>>> print(open('final_31.pdb').read())   # PDB, C-alpha atoms, pLDDT in the B column
ATOM      1  CA  MET R   3      10.511  -7.303  10.608  1.00 64.00           C
ATOM      2  CA  ASP R   4      10.960 -10.070   8.086  1.00 81.00           C
ATOM      3  CA  SER R   5      12.415  -9.377   4.663  1.00 85.00           C
ATOM      4  CA  SER R   6       9.223 -10.199   2.744  1.00 95.00           C
ATOM      5  CA  LEU R   7       7.260  -7.633   4.756  1.00 94.00           C
ATOM      6  CA  ARG R   8       9.983  -5.043   4.139  1.00 96.00           C
ATOM      7  CA  GLN R   9       9.933  -5.848   0.396  1.00 97.00           C
ATOM      8  CA  ILE R  10       6.157  -5.412   0.265  1.00 97.00           C
ATOM      9  CA  GLU R  11       6.453  -2.072   2.079  1.00 97.00           C
ATOM     10  CA  GLU R  12       9.123  -0.928  -0.379  1.00 97.00           C
ATOM     11  CA  LYS R  13       6.983  -1.885  -3.391  1.00 97.00           C
ATOM     12  CA  LEU R  14       3.963  -0.090  -1.932  1.00 97.00           C
ATOM     13  CA  ILE R  15       6.012   3.009  -1.116  1.00 97.00           C
ATOM     14  CA  ARG R  16       7.495   3.145  -4.629  1.00 97.00           C
ATOM     15  CA  GLN R  17       4.030   2.803  -6.165  1.00 97.00           C
ATOM     16  CA  ILE R  18       2.409   5.390  -3.899  1.00 97.00           C
ATOM     17  CA  ALA R  19       5.282   7.773  -4.662  1.00 98.00           C
ATOM     18  CA  ALA R  20       4.768   7.214  -8.396  1.00 98.00           C
ATOM     19  CA  ILE R  21       1.000   7.739  -8.143  1.00 97.00           C
ATOM     20  CA  LEU R  22       1.414  10.930  -6.089  1.00 96.00           C
ATOM     21  CA  SER R  23       4.477  12.191  -8.022  1.00 97.00           C
ATOM     22  CA  MET R  24       6.522  12.510  -4.873  1.00 96.00           C
ATOM     23  CA  ASP R  25       9.893  11.367  -3.573  1.00 97.00           C
ATOM     24  CA  SER R  26       9.622   7.850  -2.117  1.00 96.00           C
ATOM     25  CA  THR R  27      12.069   8.766   0.670  1.00 96.00           C
ATOM     26  CA  LYS R  28       9.422  11.125   2.056  1.00 94.00           C
ATOM     27  CA  ILE R  29       6.974   8.248   2.609  1.00 96.00           C
ATOM     28  CA  LYS R  30       7.282   6.528   5.961  1.00 96.00           C
ATOM     29  CA  PRO R  31       5.617   3.124   6.508  1.00 95.00           C
ATOM     30  CA  GLU R  32       3.700   4.404   9.554  1.00 96.00           C
ATOM     31  CA  ALA R  33       2.339   7.561   7.878  1.00 92.00           C
ATOM     32  CA  PRO R  34      -1.434   7.521   7.400  1.00 94.00           C
ATOM     33  CA  LEU R  35      -2.184   7.191   3.679  1.00 93.00           C
ATOM     34  CA  HIS R  36      -4.622  10.111   3.737  1.00 91.00           C
ATOM     35  CA  SER R  37      -1.892  12.372   5.156  1.00 94.00           C
ATOM     36  CA  LEU R  38       0.253  11.605   2.114  1.00 94.00           C
ATOM     37  CA  GLY R  39      -2.462  12.926  -0.189  1.00 93.00           C
ATOM     38  CA  VAL R  40      -4.025   9.634  -1.239  1.00 93.00           C
ATOM     39  CA  ASP R  41      -7.484  10.542  -2.529  1.00 93.00           C
ATOM     40  CA  SER R  42     -10.191   8.382  -4.101  1.00 91.00           C
ATOM     41  CA  LEU R  43      -8.573   8.370  -7.555  1.00 94.00           C
ATOM     42  CA  SER R  44      -5.080   7.528  -6.296  1.00 95.00           C
ATOM     43  CA  PHE R  45      -6.620   4.929  -3.973  1.00 93.00           C
ATOM     44  CA  VAL R  46      -8.160   3.150  -6.967  1.00 93.00           C
ATOM     45  CA  GLU R  47      -4.774   3.226  -8.732  1.00 96.00           C
ATOM     46  CA  LEU R  48      -3.223   1.682  -5.634  1.00 95.00           C
ATOM     47  CA  LEU R  49      -5.886  -1.048  -5.530  1.00 93.00           C
ATOM     48  CA  VAL R  50      -5.222  -1.951  -9.172  1.00 94.00           C
ATOM     49  CA  PHE R  51      -1.490  -2.148  -8.421  1.00 97.00           C
ATOM     50  CA  ILE R  52      -2.096  -4.404  -5.391  1.00 95.00           C
ATOM     51  CA  GLU R  53      -4.273  -6.782  -7.435  1.00 94.00           C
ATOM     52  CA  LYS R  54      -1.690  -7.046 -10.221  1.00 95.00           C
ATOM     53  CA  GLU R  55       1.523  -7.025  -8.190  1.00 96.00           C
ATOM     54  CA  PHE R  56       0.466  -9.310  -5.350  1.00 94.00           C
ATOM     55  CA  LYS R  57      -2.138 -11.404  -7.196  1.00 92.00           C
ATOM     56  CA  ILE R  58      -4.808 -10.588  -4.641  1.00 89.00           C
ATOM     57  CA  LYS R  59      -8.465 -10.541  -5.630  1.00 86.00           C
ATOM     58  CA  LEU R  60      -9.570  -7.577  -3.568  1.00 79.00           C
ATOM     59  CA  MET R  61     -13.244  -8.501  -3.579  1.00 78.00           C
ATOM     60  CA  GLU R  62     -12.376 -11.843  -1.968  1.00 82.00           C
ATOM     61  CA  SER R  63      -9.464 -10.689   0.177  1.00 82.00           C
ATOM     62  CA  GLY R  64     -11.306  -9.461   3.243  1.00 83.00           C
ATOM     63  CA  LEU R  65      -9.197  -6.298   3.322  1.00 83.00           C
ATOM     64  CA  THR R  66     -10.809  -3.625   5.467  1.00 85.00           C
ATOM     65  CA  GLY R  67     -10.434   0.116   5.949  1.00 85.00           C
ATOM     66  CA  GLU R  68      -8.148  -0.619   8.896  1.00 89.00           C
ATOM     67  CA  ASP R  69      -5.731  -2.408   6.562  1.00 90.00           C
ATOM     68  CA  PHE R  70      -5.417   0.757   4.474  1.00 91.00           C
ATOM     69  CA  LYS R  71      -4.514   3.122   7.323  1.00 93.00           C
ATOM     70  CA  THR R  72      -0.767   3.009   6.707  1.00 95.00           C
ATOM     71  CA  VAL R  73       1.715   1.417   4.311  1.00 96.00           C
ATOM     72  CA  HIS R  74       2.846  -0.826   7.169  1.00 96.00           C
ATOM     73  CA  SER R  75      -0.655  -2.079   8.021  1.00 95.00           C
ATOM     74  CA  LEU R  76      -1.355  -2.726   4.344  1.00 94.00           C
ATOM     75  CA  ALA R  77       1.963  -4.562   3.835  1.00 95.00           C
ATOM     76  CA  LYS R  78       1.305  -6.664   6.933  1.00 94.00           C
ATOM     77  CA  ARG R  79      -2.081  -7.715   5.623  1.00 92.00           C
ATOM     78  CA  ILE R  80      -0.756  -8.471   2.124  1.00 93.00           C
ATOM     79  CA  ASN R  81       2.078 -10.495   3.653  1.00 92.00           C
ATOM     80  CA  GLY R  82      -0.503 -12.568   5.529  1.00 86.00           C
ATOM     81  CA  GLN R  83      -2.581 -13.351   2.427  1.00 70.00           C
TER      82      GLN R  83
END
>>> encode(input="final_31.pdb", output="structure tokens")
Amino acid sequence: MDSSLRQIEEKLIRQIAAILSMDSTKIKPEAPLHSLGVDSLSFVELLVFIEKEFKIKLMESGLTGEDFKTVHSLAKRINGQ
């Protein structure tokens, strides 16, 4: 895995941990987001973070539900933007 993908994963994990008030070491890149407790409100917080942090306009990004399955799949898609 390249370093930029790993950095994106780490940023996403830190943010998800902050949103969910949990220890970031408990979040694995392959864990389904819903299994971590990401609900509609925390999902919106995550979307806002992604737009600001990675300068991605979500409405124009083409991101799909598949991209949001896991931290890894999301990081991969962001890395490819």
>>> residues_around(input="final_31.pdb", residues="region 18-24 of chain R", least_positions_apart="6", cutoff="12 Å", atoms="only C-alpha atoms", output="MDAnalysis selection string")
chainID R and resid 11:12 30:31 33 35:52 72:73
>>> resolve_selection(input="final_31.pdb", expression="the PyMOL selection byres ((chain R and resi 75) around 12)", output="count of residues only")
28
>>> atom_distance(input="final_31.pdb", atom1="CA of Gln83 (chain R)", atom2="CA of Gly64 (chain R)")
9.6 Å
>>> atom_distance(input="final_31.pdb", atom1="CA of Leu60 (chain R)", atom2="CA of Gln9 (chain R)")
20.0 Å
>>> build_atoms(input="final_31.pdb", residues="region 53-71 of chain R", atoms="N, CA and C atoms", output="PDB file, in the coordinates of the input")
ATOM      1  N   GLU R  53      -3.720  -5.591  -6.778  1.00 94.00           N
ATOM      2  CA  GLU R  53      -4.273  -6.782  -7.435  1.00 94.00           C
ATOM      3  C   GLU R  53      -3.267  -7.395  -8.397  1.00 94.00           C
ATOM      4  N   LYS R  54      -2.630  -6.542  -9.210  1.00 95.00           N
ATOM      5  CA  LYS R  54      -1.690  -7.046 -10.221  1.00 95.00           C
ATOM      6  C   LYS R  54      -0.385  -7.531  -9.598  1.00 95.00           C
ATOM      7  N   GLU R  55       0.201  -6.737  -8.740  1.00 96.00           N
ATOM      8  CA  GLU R  55       1.523  -7.025  -8.190  1.00 96.00           C
ATOM      9  C   GLU R  55       1.519  -8.218  -7.235  1.00 96.00           C
ATOM     10  N   PHE R  56       0.495  -8.289  -6.397  1.00 94.00           N
ATOM     11  CA  PHE R  56       0.466  -9.310  -5.350  1.00 94.00           C
ATOM     12  C   PHE R  56      -0.543 -10.422  -5.620  1.00 94.00           C
ATOM     13  N   LYS R  57      -1.178 -10.357  -6.785  1.00 92.00           N
ATOM     14  CA  LYS R  57      -2.138 -11.404  -7.196  1.00 92.00           C
ATOM     15  C   LYS R  57      -3.216 -11.625  -6.141  1.00 92.00           C
ATOM     16  N   ILE R  58      -3.754 -10.521  -5.653  1.00 89.00           N
ATOM     17  CA  ILE R  58      -4.808 -10.588  -4.641  1.00 89.00           C
ATOM     18  C   ILE R  58      -6.117 -10.123  -5.279  1.00 89.00           C
ATOM     19  N   LYS R  59      -7.144 -10.952  -5.172  1.00 86.00           N
ATOM     20  CA  LYS R  59      -8.465 -10.541  -5.630  1.00 86.00           C
ATOM     21  C   LYS R  59      -9.099  -9.751  -4.491  1.00 86.00           C
ATOM     22  N   LEU R  60      -9.156  -8.447  -4.671  1.00 79.00           N
ATOM     23  CA  LEU R  60      -9.570  -7.577  -3.568  1.00 79.00           C
ATOM     24  C   LEU R  60     -10.985  -7.862  -3.084  1.00 79.00           C
ATOM     25  N   MET R  61     -11.868  -8.226  -3.989  1.00 78.00           N
ATOM     26  CA  MET R  61     -13.244  -8.501  -3.579  1.00 78.00           C
ATOM     27  C   MET R  61     -13.328  -9.719  -2.661  1.00 78.00           C
ATOM     28  N   GLU R  62     -12.365 -10.616  -2.768  1.00 82.00           N
ATOM     29  CA  GLU R  62     -12.376 -11.843  -1.968  1.00 82.00           C
ATOM     30  C   GLU R  62     -11.344 -11.822  -0.839  1.00 82.00           C
ATOM     31  N   SER R  63     -10.616 -10.726  -0.727  1.00 82.00           N
ATOM     32  CA  SER R  63      -9.464 -10.689   0.177  1.00 82.00           C
ATOM     33  C   SER R  63      -9.819 -10.441   1.638  1.00 82.00           C
ATOM     34  N   GLY R  64     -10.956  -9.796   1.874  1.00 83.00           N
ATOM     35  CA  GLY R  64     -11.306  -9.461   3.243  1.00 83.00           C
ATOM     36  C   GLY R  64     -10.564  -8.245   3.780  1.00 83.00           C
ATOM     37  N   LEU R  65      -9.875  -7.523   2.889  1.00 83.00           N
ATOM     38  CA  LEU R  65      -9.197  -6.298   3.322  1.00 83.00           C
ATOM     39  C   LEU R  65     -10.227  -5.297   3.815  1.00 83.00           C
ATOM     40  N   THR R  66      -9.884  -4.596   4.882  1.00 85.00           N
ATOM     41  CA  THR R  66     -10.809  -3.625   5.467  1.00 85.00           C
ATOM     42  C   THR R  66     -10.181  -2.231   5.456  1.00 85.00           C
ATOM     43  N   GLY R  67     -10.945  -1.254   5.845  1.00 85.00           N
ATOM     44  CA  GLY R  67     -10.434   0.116   5.949  1.00 85.00           C
ATOM     45  C   GLY R  67      -9.245   0.203   6.886  1.00 85.00           C
ATOM     46  N   GLU R  68      -9.263  -0.599   7.948  1.00 89.00           N
ATOM     47  CA  GLU R  68      -8.148  -0.619   8.896  1.00 89.00           C
ATOM     48  C   GLU R  68      -6.841  -1.014   8.206  1.00 89.00           C
ATOM     49  N   ASP R  69      -6.924  -1.929   7.260  1.00 90.00           N
ATOM     50  CA  ASP R  69      -5.731  -2.408   6.562  1.00 90.00           C
ATOM     51  C   ASP R  69      -5.097  -1.303   5.713  1.00 90.00           C
ATOM     52  N   PHE R  70      -5.894  -0.315   5.344  1.00 91.00           N
ATOM     53  CA  PHE R  70      -5.417   0.757   4.474  1.00 91.00           C
ATOM     54  C   PHE R  70      -5.030   2.024   5.234  1.00 91.00           C
ATOM     55  N   LYS R  71      -4.893   1.928   6.542  1.00 93.00           N
ATOM     56  CA  LYS R  71      -4.514   3.122   7.323  1.00 93.00           C
ATOM     57  C   LYS R  71      -3.109   3.594   6.993  1.00 93.00           C
TER      58      LYS R  71
END
